[in-house]
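Q: My structure is stored as coords.cif, with mmCIF, C-alpha atoms.
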data_protein
loop_
_atom_site.label_atom_id
_atom_site.label_comp_id
_atom_site.auth_asym_id
_atom_site.auth_seq_id
_atom_site.Cartn_x
_atom_site.Cartn_y
_atom_site.Cartn_z
CA MET N 1 20.34 -14.52 68.05
CA ALA N 2 18.07 -17.52 68.19
CA ALA N 3 18.25 -20.51 70.49
CA GLY N 4 16.54 -23.78 71.08
CA GLY N 5 18.35 -26.73 69.60
CA ASP N 6 19.78 -25.10 66.48
CA GLY N 7 23.04 -26.98 66.93
CA GLY N 8 24.85 -25.52 63.97
CA GLY N 9 27.25 -23.30 65.88
CA ARG N 10 31.01 -23.45 65.85
CA GLU N 11 33.76 -21.06 66.79
CA ALA N 12 34.59 -18.81 63.86
CA ALA N 13 38.19 -18.75 62.77
CA CYS N 14 39.84 -15.37 63.04
CA GLY N 15 42.52 -13.57 61.09
CA HIS N 16 43.00 -13.20 57.36
CA ASP N 17 42.30 -16.80 56.36
CA SER N 18 38.58 -16.87 57.07
CA TYR N 19 35.58 -14.83 55.96
CA ARG N 20 34.34 -12.18 58.35
CA SER N 21 31.34 -9.98 57.78
CA PRO N 22 32.51 -6.53 56.66
CA LEU N 23 29.73 -5.08 58.80
CA ALA N 24 31.72 -6.14 61.88
CA SER N 25 35.27 -6.00 60.54
CA ARG N 26 35.01 -2.79 58.49
CA TYR N 27 31.91 -0.70 59.11
CA ALA N 28 29.88 -0.91 62.32
CA SER N 29 30.91 0.71 65.61
CA PRO N 30 32.59 -1.34 68.36
CA GLU N 31 29.69 -0.67 70.73
CA MET N 32 27.09 -2.06 68.30
CA CYS N 33 29.29 -5.06 67.47
CA PHE N 34 29.60 -5.79 71.18
CA VAL N 35 25.82 -5.83 71.69
CA PHE N 36 25.59 -8.60 69.09
CA SER N 37 28.71 -10.43 70.25
CA ASP N 38 28.80 -13.97 71.64
CA ARG N 39 30.14 -12.68 74.94
CA TYR N 40 27.23 -10.29 75.43
CA LYS N 41 24.70 -12.91 74.35
CA PHE N 42 25.91 -15.75 76.55
CA ARG N 43 26.60 -13.48 79.50
CA THR N 44 22.96 -12.36 79.23
CA TRP N 45 21.86 -16.01 79.19
CA ARG N 46 23.65 -16.48 82.50
CA GLN N 47 22.12 -13.31 83.87
CA LEU N 48 18.66 -14.61 82.95
CA TRP N 49 19.35 -17.93 84.71
CA LEU N 50 20.44 -15.97 87.77
CA TRP N 51 17.31 -13.77 87.74
CA LEU N 52 15.13 -16.85 87.40
CA ALA N 53 16.85 -18.59 90.33
CA GLU N 54 16.62 -15.47 92.51
CA ALA N 55 12.91 -15.09 91.82
CA GLU N 56 12.24 -18.81 92.36
CA GLN N 57 14.09 -18.64 95.68
CA THR N 58 12.10 -15.58 96.77
CA LEU N 59 8.87 -17.42 95.99
CA GLY N 60 9.83 -20.39 98.11
CA LEU N 61 11.66 -22.94 95.98
CA PRO N 62 14.58 -24.71 97.77
CA ILE N 63 17.42 -22.67 96.31
CA THR N 64 20.21 -21.61 98.68
CA ASP N 65 22.05 -18.31 98.99
CA GLU N 66 25.25 -20.23 98.33
CA GLN N 67 23.93 -21.40 94.96
CA ILE N 68 22.85 -17.87 94.05
CA GLN N 69 26.24 -16.46 95.01
CA GLU N 70 28.05 -19.11 92.99
CA MET N 71 26.06 -18.15 89.89
CA LYS N 72 26.73 -14.45 90.48
CA SER N 73 30.45 -15.07 90.78
CA ASN N 74 30.63 -16.85 87.44
CA LEU N 75 28.54 -14.67 85.15
CA ASP N 76 31.63 -13.60 83.20
CA ASN N 77 33.57 -16.84 83.57
CA ILE N 78 32.58 -18.26 80.17
CA ASP N 79 34.62 -21.11 78.71
CA PHE N 80 33.80 -20.66 75.03
CA LYS N 81 35.94 -23.62 73.97
CA MET N 82 34.10 -25.96 76.32
CA ALA N 83 30.74 -24.61 75.14
CA ALA N 84 31.69 -25.26 71.52
CA GLU N 85 32.76 -28.83 72.35
CA GLU N 86 29.52 -29.43 74.27
CA GLU N 87 27.42 -28.10 71.41
CA LYS N 88 29.27 -30.31 68.93
CA GLN N 89 28.25 -33.32 70.98
CA LEU N 90 24.76 -32.26 72.06
CA ARG N 91 23.70 -30.38 68.90
CA HIS N 92 21.88 -27.96 71.21
CA ASP N 93 23.31 -24.53 71.93
CA VAL N 94 21.34 -23.78 75.10
CA MET N 95 22.09 -27.11 76.78
CA ALA N 96 25.75 -26.70 75.81
CA HIS N 97 25.85 -23.47 77.79
CA VAL N 98 23.81 -24.93 80.66
CA HIS N 99 26.51 -27.60 81.01
CA THR N 100 29.29 -25.03 80.65
CA PHE N 101 27.77 -22.79 83.34
CA ALA N 102 27.13 -25.79 85.58
CA HIS N 103 30.76 -26.85 85.23
CA CYS N 104 31.93 -23.66 86.95
CA CYS N 105 28.94 -23.64 89.33
CA PRO N 106 28.85 -27.23 90.65
CA LYS N 107 26.75 -26.35 93.70
CA ALA N 108 24.16 -24.54 91.57
CA ALA N 109 24.22 -27.04 88.69
CA GLY N 110 20.93 -28.65 89.67
CA ILE N 111 18.89 -25.46 89.68
CA ILE N 112 20.26 -23.71 86.56
CA HIS N 113 17.48 -23.39 83.96
CA LEU N 114 14.95 -24.79 86.45
CA GLY N 115 11.52 -25.04 84.80
CA ALA N 116 12.63 -23.06 81.76
CA THR N 117 12.71 -23.78 78.04
CA SER N 118 15.42 -22.74 75.61
CA CYS N 119 13.43 -19.70 74.53
CA TYR N 120 13.49 -18.39 78.07
CA VAL N 121 17.11 -17.45 77.54
CA GLY N 122 17.06 -17.23 73.73
CA ASP N 123 14.06 -15.00 73.13
CA ASN N 124 14.42 -12.90 76.25
CA THR N 125 18.06 -12.24 75.38
CA ASP N 126 17.03 -11.23 71.86
CA LEU N 127 14.55 -8.72 73.26
CA ILE N 128 17.18 -7.28 75.61
CA ILE N 129 19.62 -7.00 72.71
CA LEU N 130 17.03 -5.34 70.45
CA ARG N 131 16.20 -2.82 73.17
CA ASN N 132 19.86 -2.02 73.80
CA ALA N 133 20.61 -1.78 70.08
CA PHE N 134 17.80 0.75 69.69
CA ASP N 135 19.31 2.67 72.61
CA LEU N 136 22.54 2.95 70.62
CA LEU N 137 20.83 4.01 67.39
CA LEU N 138 18.46 6.63 68.76
CA PRO N 139 21.05 9.18 69.96
CA LYS N 140 23.03 8.68 66.75
CA LEU N 141 19.97 9.47 64.65
CA ALA N 142 19.18 12.48 66.85
CA ARG N 143 22.76 13.69 66.39
CA VAL N 144 22.46 13.49 62.58
CA ILE N 145 19.22 15.47 62.71
CA SER N 146 20.92 18.10 64.89
CA ARG N 147 23.86 18.45 62.50
CA LEU N 148 21.59 18.78 59.49
CA ALA N 149 19.45 21.32 61.36
CA ASP N 150 22.57 23.42 61.94
CA PHE N 151 23.37 23.23 58.23
CA ALA N 152 19.79 24.12 57.27
CA LYS N 153 19.82 27.21 59.49
CA GLU N 154 23.17 28.32 58.10
CA ARG N 155 21.94 27.98 54.50
CA ALA N 156 18.31 28.93 55.04
CA ASP N 157 18.52 32.04 52.83
CA LEU N 158 20.76 30.71 50.06
CA PRO N 159 18.61 30.40 46.89
CA THR N 160 19.14 27.37 44.72
CA LEU N 161 17.45 25.84 41.73
CA GLY N 162 14.82 23.28 42.64
CA PHE N 163 14.42 20.13 40.58
CA THR N 164 11.38 18.02 39.80
CA HIS N 165 11.97 14.90 37.67
CA PHE N 166 15.60 16.05 37.95
CA GLN N 167 14.66 18.85 35.56
CA PRO N 168 14.99 22.54 36.50
CA ALA N 169 11.88 23.78 38.29
CA GLN N 170 11.42 26.80 40.58
CA LEU N 171 13.71 28.25 43.21
CA THR N 172 14.04 26.86 46.69
CA THR N 173 16.86 27.37 49.21
CA VAL N 174 19.68 25.07 50.22
CA GLY N 175 18.39 25.11 53.80
CA LYS N 176 14.81 24.36 52.80
CA ARG N 177 15.91 21.37 50.73
CA CYS N 178 17.83 20.10 53.75
CA CYS N 179 14.61 20.35 55.76
CA LEU N 180 13.10 17.71 53.46
CA TRP N 181 15.82 15.35 54.68
CA ILE N 182 15.36 16.37 58.30
CA GLN N 183 11.60 15.80 58.19
CA ASP N 184 12.05 12.22 56.98
CA LEU N 185 14.65 11.51 59.65
CA CYS N 186 12.39 12.97 62.36
CA MET N 187 9.71 10.50 61.29
CA ASP N 188 12.27 7.73 61.55
CA LEU N 189 13.27 8.91 65.03
CA GLN N 190 9.66 8.77 66.17
CA ASN N 191 9.16 5.31 64.67
CA LEU N 192 12.33 3.86 66.16
CA LYS N 193 11.41 5.27 69.58
CA ARG N 194 7.88 3.88 69.32
CA VAL N 195 9.00 0.36 68.42
CA ARG N 196 11.70 0.43 71.10
CA ASP N 197 9.24 1.51 73.78
CA ASP N 198 6.64 -1.04 72.63
CA LEU N 199 9.02 -3.96 73.10
CA ARG N 200 7.71 -6.41 75.67
CA PHE N 201 9.53 -9.16 77.51
CA ARG N 202 8.74 -12.78 76.65
CA GLY N 203 9.05 -13.57 80.31
CA VAL N 204 8.64 -16.94 82.03
CA LYS N 205 6.20 -18.87 79.85
CA GLY N 206 7.32 -22.49 79.52
CA THR N 207 7.57 -24.66 76.44
CA THR N 208 4.28 -23.74 74.74
CA GLY N 209 3.36 -20.55 76.54
CA THR N 210 1.16 -22.24 79.16
CA GLN N 211 3.60 -21.98 82.09
CA ALA N 212 2.79 -25.64 82.87
CA SER N 213 6.29 -26.47 84.14
CA PHE N 214 6.22 -23.57 86.59
CA LEU N 215 2.73 -24.47 87.79
CA GLN N 216 4.15 -27.91 88.55
CA LEU N 217 7.15 -26.43 90.39
CA PHE N 218 4.86 -24.28 92.52
CA GLU N 219 2.32 -27.09 93.04
CA GLY N 220 -0.46 -25.39 91.12
CA ASP N 221 -0.10 -21.98 92.77
CA ASP N 222 -0.89 -19.78 89.77
CA GLN N 223 -0.39 -16.56 91.73
CA LYS N 224 3.22 -17.49 92.42
CA VAL N 225 3.73 -18.28 88.73
CA GLU N 226 2.35 -14.87 87.80
CA GLN N 227 4.60 -13.26 90.41
CA LEU N 228 7.59 -15.16 89.01
CA ASP N 229 6.88 -13.82 85.52
CA LYS N 230 6.50 -10.28 86.83
CA MET N 231 9.64 -10.41 88.98
CA VAL N 232 11.91 -11.62 86.18
CA THR N 233 10.40 -9.08 83.78
CA GLU N 234 11.21 -6.26 86.21
CA LYS N 235 14.73 -7.56 86.82
CA ALA N 236 15.32 -7.40 83.06
CA GLY N 237 14.23 -3.76 82.99
CA PHE N 238 10.98 -4.21 81.07
CA LYS N 239 7.71 -2.61 82.11
CA ARG N 240 5.55 -5.21 80.39
CA ALA N 241 5.69 -8.84 79.30
CA PHE N 242 3.63 -10.63 76.70
CA ILE N 243 0.42 -12.09 78.09
CA ILE N 244 0.23 -14.60 75.24
CA THR N 245 3.14 -16.47 73.66
CA GLY N 246 3.73 -19.78 72.01
CA GLN N 247 7.17 -21.16 72.67
CA THR N 248 8.57 -17.89 71.30
CA TYR N 249 7.44 -14.29 71.34
CA THR N 250 5.48 -13.55 68.18
CA ARG N 251 7.81 -13.09 65.23
CA LYS N 252 5.73 -10.13 64.12
CA ILE N 253 7.87 -8.15 66.57
CA ASP N 254 10.86 -8.80 64.31
CA ILE N 255 8.81 -7.48 61.38
CA GLU N 256 8.12 -4.24 63.24
CA VAL N 257 11.75 -3.84 64.24
CA LEU N 258 13.16 -4.37 60.77
CA SER N 259 10.40 -2.35 59.12
CA VAL N 260 11.39 0.84 60.93
CA LEU N 261 15.06 0.16 60.21
CA ALA N 262 14.25 -0.42 56.54
CA SER N 263 12.35 2.87 56.51
CA LEU N 264 15.41 4.59 57.98
CA GLY N 265 17.43 3.01 55.19
CA ALA N 266 15.08 4.51 52.60
CA SER N 267 15.48 7.97 54.14
CA VAL N 268 19.26 7.77 54.17
CA HIS N 269 19.33 6.46 50.60
CA LYS N 270 17.26 9.44 49.42
CA ILE N 271 19.43 11.94 51.28
CA CYS N 272 22.68 10.51 50.02
CA THR N 273 21.37 10.20 46.47
CA ASP N 274 20.53 13.91 46.55
CA ILE N 275 24.04 14.66 47.79
CA ARG N 276 25.56 12.53 45.03
CA LEU N 277 23.54 14.34 42.36
CA LEU N 278 24.43 17.74 43.79
CA ALA N 279 28.09 16.71 43.83
CA SER N 280 27.83 15.92 40.13
CA LEU N 281 26.41 19.41 39.58
CA LYS N 282 29.32 20.84 41.62
CA GLU N 283 26.86 22.64 43.93
CA LEU N 284 27.47 20.68 47.14
CA GLU N 285 29.99 18.11 48.32
CA GLU N 286 30.48 15.75 51.20
CA PRO N 287 33.77 16.14 53.11
CA PHE N 288 36.86 15.41 51.02
CA GLU N 289 40.04 15.06 53.04
CA LYS N 290 43.40 16.51 52.08
CA GLN N 291 45.06 13.15 51.46
CA GLN N 292 41.93 11.47 50.06
CA ILE N 293 42.16 9.91 46.59
CA GLY N 294 39.08 10.12 44.40
CA SER N 295 40.29 7.78 41.67
CA SER N 296 43.37 5.64 41.11
CA ALA N 297 43.41 6.69 37.44
CA MET N 298 41.80 10.15 37.40
CA PRO N 299 43.35 12.39 40.06
CA TYR N 300 40.92 15.25 39.45
CA LYS N 301 37.91 13.21 40.59
CA ARG N 302 36.17 13.93 43.89
CA ASN N 303 33.91 10.91 44.23
CA PRO N 304 31.20 11.11 46.93
CA MET N 305 32.27 7.76 48.34
CA ARG N 306 30.68 8.23 51.78
CA SER N 307 27.28 8.90 50.26
CA GLU N 308 27.79 6.01 47.88
CA ARG N 309 28.58 3.73 50.82
CA CYS N 310 25.42 4.85 52.59
CA CYS N 311 23.33 4.10 49.51
CA SER N 312 24.95 0.71 49.09
CA LEU N 313 24.35 -0.32 52.69
CA ALA N 314 20.88 1.25 52.80
CA ARG N 315 19.81 -1.00 49.93
CA HIS N 316 20.93 -4.00 51.98
CA LEU N 317 19.07 -2.70 55.03
CA MET N 318 15.86 -2.21 53.07
CA THR N 319 15.89 -5.80 51.79
CA LEU N 320 16.36 -7.40 55.22
CA VAL N 321 12.74 -6.86 56.24
CA MET N 322 11.76 -9.66 53.86
CA ASP N 323 13.36 -12.18 56.22
CA PRO N 324 11.09 -11.64 59.26
CA LEU N 325 8.06 -11.27 57.00
CA GLN N 326 8.62 -14.73 55.61
CA THR N 327 9.70 -16.17 58.95
CA ALA N 328 6.57 -14.99 60.76
CA SER N 329 4.35 -16.40 58.03
CA VAL N 330 5.71 -19.95 58.40
CA GLN N 331 5.83 -20.32 62.18
CA TRP N 332 3.59 -23.36 62.57
CA PHE N 333 1.41 -23.50 65.67
CA GLU N 334 3.51 -22.77 68.81
CA ARG N 335 6.82 -22.47 66.85
CA THR N 336 9.15 -24.11 64.36
CA LEU N 337 12.93 -23.94 64.44
CA ASP N 338 13.32 -22.71 60.88
CA ASP N 339 13.32 -19.19 62.31
CA SER N 340 16.59 -19.70 64.16
CA ALA N 341 19.38 -19.58 61.58
CA ASN N 342 17.67 -16.79 59.66
CA ARG N 343 17.24 -14.61 62.74
CA ARG N 344 20.88 -15.05 63.73
CA MET N 345 21.76 -13.13 60.58
CA CYS N 346 19.00 -10.68 59.74
CA LEU N 347 18.50 -9.04 63.15
CA ALA N 348 22.19 -8.43 63.77
CA GLU N 349 22.86 -7.32 60.20
CA ALA N 350 19.98 -4.84 60.28
CA PHE N 351 21.28 -3.05 63.37
CA LEU N 352 24.93 -3.17 62.32
CA THR N 353 23.96 -1.74 58.93
CA ALA N 354 21.78 0.99 60.44
CA ASP N 355 24.60 1.85 62.84
CA THR N 356 27.06 2.16 59.96
CA ILE N 357 24.92 4.43 57.80
CA LEU N 358 24.13 6.72 60.74
CA ASN N 359 27.80 7.01 61.68
CA THR N 360 28.68 7.78 58.07
CA LEU N 361 25.80 10.22 57.59
CA GLN N 362 26.90 12.10 60.71
CA ASN N 363 30.37 12.45 59.20
CA ILE N 364 28.83 13.73 55.96
CA SER N 365 26.45 16.17 57.66
CA GLU N 366 29.24 17.68 59.76
CA GLY N 367 31.34 18.53 56.72
CA LEU N 368 29.01 19.46 53.86
CA VAL N 369 30.58 22.01 51.51
CA VAL N 370 28.43 24.40 49.44
CA TYR N 371 29.56 26.26 46.31
CA PRO N 372 27.37 29.40 46.10
CA ARG N 373 28.92 30.70 42.86
CA VAL N 374 28.11 27.49 41.00
CA ILE N 375 24.58 27.62 42.38
CA GLU N 376 24.22 31.26 41.31
CA ARG N 377 25.49 30.53 37.81
CA ARG N 378 22.95 27.75 37.34
CA ILE N 379 20.13 29.96 38.60
CA ARG N 380 21.08 32.66 36.07
CA GLN N 381 21.07 30.10 33.27
CA GLU N 382 17.55 29.02 34.13
CA LEU N 383 15.97 32.35 35.15
CA PRO N 384 14.48 33.14 31.72
CA PHE N 385 12.67 29.82 31.67
CA MET N 386 11.52 30.05 35.27
CA ALA N 387 10.01 33.44 34.46
CA THR N 388 7.44 31.90 32.12
CA GLU N 389 5.21 30.80 34.99
CA SER N 390 5.07 34.34 36.38
CA ILE N 391 4.44 35.75 32.90
CA ILE N 392 1.55 33.36 32.27
CA MET N 393 -0.07 34.18 35.63
CA ALA N 394 0.24 37.92 34.96
CA MET N 395 -1.35 37.57 31.52
CA VAL N 396 -4.20 35.49 32.89
CA LYS N 397 -4.83 38.21 35.46
CA ALA N 398 -5.00 40.66 32.54
CA GLY N 399 -7.75 38.60 30.92
CA GLY N 400 -5.85 36.02 28.87
CA ASN N 401 -6.54 32.28 28.77
CA ARG N 402 -3.48 30.15 29.52
CA GLN N 403 -5.04 27.15 27.76
CA VAL N 404 -5.50 28.87 24.39
CA ARG N 405 -2.78 28.02 21.88
CA ARG N 406 -3.07 31.43 20.20
CA PHE N 407 -2.43 33.13 23.51
CA LEU N 408 0.75 31.12 23.97
CA GLU N 409 1.93 31.69 20.41
CA GLU N 410 1.17 35.40 20.26
CA GLU N 411 1.84 36.52 23.79
CA VAL N 412 4.22 34.15 25.53
CA HIS N 413 6.50 32.85 22.80
CA PRO N 414 7.58 36.30 21.58
CA LEU N 415 8.78 37.06 25.10
CA LEU N 416 10.99 33.99 24.99
CA ARG N 417 12.37 34.58 21.49
CA PRO N 418 15.45 36.52 22.69
CA TYR N 419 16.46 33.44 24.69
CA GLU N 420 16.02 30.89 21.91
CA SER N 421 19.76 30.75 21.23
CA VAL N 422 20.42 29.92 24.90
CA MET N 423 17.74 27.24 24.81
CA LYS N 424 19.24 25.76 21.66
CA VAL N 425 22.72 25.60 23.15
CA LYS N 426 21.33 23.97 26.28
CA ALA N 427 19.47 21.39 24.25
CA GLU N 428 22.59 20.53 22.29
CA LEU N 429 24.57 20.16 25.48
CA CYS N 430 21.93 17.79 26.84
CA LEU N 431 22.15 15.70 23.68
#
Just give me the structure as structure tokens.
A:
Amino acid sequence: MAAGGDGGGREAACGHDSYRSPLASRYASPEMCFVFSDRYKFRTWRQLWLWLAEAEQTLGLPITDEQIQEMKSNLDNIDFKMAAEEEKQLRHDVMAHVHTFAHCCPKAAGIIHLGATSCYVGDNTDLIILRNAFDLLLPKLARVISRLADFAKERADLPTLGFTHFQPAQLTTVGKRCCLWIQDLCMDLQNLKRVRDDLRFRGVKGTTGTQASFLQLFEGDDQKVEQLDKMVTEKAGFKRAFIITGQTYTRKIDIEVLSVLASLGASVHKICTDIRLLASLKELEEPFEKQQIGSSAMPYKRNPMRSERCCSLARHLMTLVMDPLQTASVQWFERTLDDSANRRMCLAEAFLTADTILNTLQNISEGLVVYPRVIERRIRQELPFMATESIIMAMVKAGGNRQVRRFLEEEVHPLLRPYESVMKVKAELCL
């Protein structure tokens, strides 16, 4: 993600002889992988250089239509091998791509990146990518909520035993329990939408956020510099840009982004843990396909592997927020480059992980299987014990004191005596 002299890049080897992140090779959707791909990133860099040149031309800098057209014609003509060789020599990723773009745009070479700093393309591209990644996640989350809402309506009147402390409590319904999941996801939907809509463009700010280089280009005309910032912001599709920046946009934005994704991870982990526990009780199952194998050794097993995958990845997602928290806290003055390598990993991984768990949770929610007879049998086993609360309330209404030991011993316990054998068997089974 990051840019600005972090010259550690090299072309990753492909195939079976080199490590690849399972998030990209195994789990995340092609559309989310593309948003975080090198092609999308560096194509956006070129688009930003074009927008800057167009705006500078409009405001009177000596940039020709021919130069603009040459840049437009080569937005997708990216020589990745040349860029890698340039970066190896220069140890600077942005300048490597400036040279690579200039190589195929010889007439425009002199005005590419005019007045800009590395973070003009690096940070602005990151913000575009974050916005577009949110745009992929939001409808997926909404779709999961819709599927679960359908399930909740269908099972709204099916009684089931509620659990507190994972101990039998009072009755609820299968649909009502599902509404607990839906409510958390609705909060996540609101939070993701809020953070997405609050994203602002870094804009055209110069090396330390003072716009000094652009003031020099426009001979001190601060109105033109403000217009330049506004024009490029609008071209990028943002309604607002930061008024204040250092060299980078504030890294607290990354904290907000990963915080809402971590919160989504917590919601999904809770949902899928509930499903795993219910699967163990044989009351509810995630989809289990005809040819699916639950265990290589135990053919009778029906492991909730999709829910387990969601929990596994959700734990990873929840931990990623620690990266931007620590990064933001150590950004000295206008910026330090120790944010770069970290951000390349944590931002992409957070969105690819969130994408994976939402895709998987949709699959689960569309195929949940309920076993009403098992649920009914468990309710019948627990009914005598659930009745005690109603009995106590009725006796208190009749004048008894629920806190008096004698009342419990003389009035309540005799009512339970016929069920002592059942309670004993249950206790032995638990042991």
Q: I need the residue set behind the PyMOL selection byres ((chain N and resi 114) around 9) for this file; please write it as a list in words.
A: Trp49, Leu52, Ala53, Glu56, Gly110, Ile111, Ile112, His113, Gly115, Ala116, Thr117, Phe214 and Leu217 of chain N
Q: List the neighbours of Glu66 (chain N) out to 12 Å using all atoms listed in the file; skip same-chain residues closer than 4 positions along the sequence, and give me the result as a PyMOL selection string.
A: chain N and resi 53-54+57+62+70-73+105-109+111
Q: I want to know what sits within 9 Å of Arg240 (chain N), based on all atoms listed in the file, with residues of the same chain fewer than 3 positions away left out; could you give that as a list in words?
A: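 Listed by chain and then number, they are Asp198, Leu199, Arg200, Phe201, Lys230, Thr233, Glu234 and Ile243 of chain N.
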Q: Quick one: pull the distance between CA of Leu347 (chain N) and CA of Val98 (chain N), Å, one decimal.
A: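 Value for the CA of Leu347 (chain N)-CA of Val98 (chain N) distance: 24.2 Å.
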Q: Do you know which residues the PyMOL selection byres ((chain N and resi 120) around 12) returns on this file, as a PyMOL selection string?
A: chain N and resi 2-4+44-49+51-52+94+113-119+121-128+201-209+211+229+232-233+245-249
Q: Quick check on the file I pasted: which residues fall under the PyMOL selection byres ((chain N and resi 145) around 9)? Write them as a compact mmCIF listing (two decimals) with C-alpha atoms, in the frame of the given file.
A:
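Just written: part_30.txt:
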# COMPACT_ATOMS: atom_id res chain seq x y z
CA LYS N 140 23.03 8.68 66.75
CA LEU N 141 19.97 9.47 64.65
CA ALA N 142 19.18 12.48 66.85
CA ARG N 143 22.76 13.69 66.39
CA VAL N 144 22.46 13.49 62.58
CA SER N 146 20.92 18.10 64.89
CA ARG N 147 23.86 18.45 62.50
CA LEU N 148 21.59 18.78 59.49
CA ALA N 149 19.45 21.32 61.36
CA ASP N 150 22.57 23.42 61.94
CA TRP N 181 15.82 15.35 54.68
CA ILE N 182 15.36 16.37 58.30
CA GLN N 183 11.60 15.80 58.19
CA LEU N 185 14.65 11.51 59.65
CA CYS N 186 12.39 12.97 62.36
CA GLN N 362 26.90 12.10 60.71
CA SER N 365 26.45 16.17 57.66
Q: Distance CA of Val370 (chain N)-CA of Ser312 (chain N), one decimal place?
A: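 Computing it gives 23.9 Å between the two atoms.
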Q: Looking at all atoms listed in the file, which of N:Ser390, N:Leu192, N:Leu337, N:Leu383 is the one that sits closest to His92 (chain N)?
A: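 For His92 (chain N), the nearest of the given residues is N:Leu337.
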Q: Looking at all atoms listed in the file, which of N:Thr160, N:Thr327, N:Asn132, N:Asn359 is the one that sits closest to Arg306 (chain N)?
A: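 Looking at the shortest contact to Arg306 (chain N), the residue is N:Asn359.
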Q: Can you work out the spacing between CA of Ile379 (chain N) and CA of Met395 (chain N) in Å, to one decimal?
A: 23.9 Å
Q: Return the single residue from N:Ala328, N:Leu161, N:Ala398, N:Leu264 that is closest to Cys310 (chain N), with distances computed using only C-alpha atoms.
A: N:Leu264
Q: Can you tell me which residues surround His316 (chain N) at a distance of at most 10 Å, considering only C-alpha atoms, apart from same-chain residues fewer than 2 positions away, and format the answer as a PyMOL selection string?
A: chain N and resi 262+265+310-314+318-321+349-350+353-354
Q: Please produce a file of the residues just selected, as a CSV table (one decimal), keeping the file's coordinate frame, where the atoms kept are C-alpha atoms.
A:
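Final output, saved to again_7.csv:
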chain,number,residue,atom,x,y,z
N,262,ALA,CA,14.2,-0.4,56.5
N,265,GLY,CA,17.4,3.0,55.2
N,310,CYS,CA,25.4,4.8,52.6
N,311,CYS,CA,23.3,4.1,49.5
N,312,SER,CA,25.0,0.7,49.1
N,313,LEU,CA,24.4,-0.3,52.7
N,314,ALA,CA,20.9,1.2,52.8
N,318,MET,CA,15.9,-2.2,53.1
N,319,THR,CA,15.9,-5.8,51.8
N,320,LEU,CA,16.4,-7.4,55.2
N,321,VAL,CA,12.7,-6.9,56.2
N,349,GLU,CA,22.9,-7.3,60.2
N,350,ALA,CA,20.0,-4.8,60.3
N,353,THR,CA,24.0,-1.7,58.9
N,354,ALA,CA,21.8,1.0,60.4
Q: Would you list the contacts of Ile271 (chain N) as number ranges by chain, taking every protein, DNA or RNA residue within 9 Å and counting all atoms listed in the file, but skipping same-chain residues closer than 3 positions in sequence?
A: N: 178, 180-181, 266-268, 274-276, 307, 311
Q: Neighbouring residues of Phe218 (chain N) were defined as those with any atom within 9 Å, considering only C-alpha atoms; residues of the same chain fewer than 5 positions away were excluded. Please report them as a compact mmCIF listing (two decimals) with C-alpha atoms, keeping the file's coordinate frame.
A:
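New file result-v3.txt:
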# COMPACT_ATOMS: atom_id res chain seq x y z
CA LEU N 59 8.87 -17.42 95.99
CA GLY N 60 9.83 -20.39 98.11
CA LEU N 61 11.66 -22.94 95.98
CA SER N 213 6.29 -26.47 84.14
CA LYS N 224 3.22 -17.49 92.42
CA VAL N 225 3.73 -18.28 88.73
Q: Quick one: axis-aligned box around all listed atoms of region 63-72 of chain N, 6 Å on every side, centre and edge lengths in Å to one decimal, written as AutoDock Vina command-line options.
A:
--center_x 22.7 --center_y -18.6 --center_z 94.4 --size_x 22.6 --size_y 20.2 --size_z 21.1
Q: Counting all atoms listed in the file, which residue out of N:Asp323, N:Leu352, N:Lys270, N:Glu376 sits closest to Ser340 (chain N)?
A: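 Smallest distance to Ser340 (chain N) is found for N:Asp323.
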Q: Using only C-alpha atoms, which residue out of N:Glu366, N:Asp221, N:Asp254, N:Glu308 lies closest to Asp339 (chain N)?
A: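 Using only C-alpha atoms, Asp339 (chain N) sits closest to N:Asp254.
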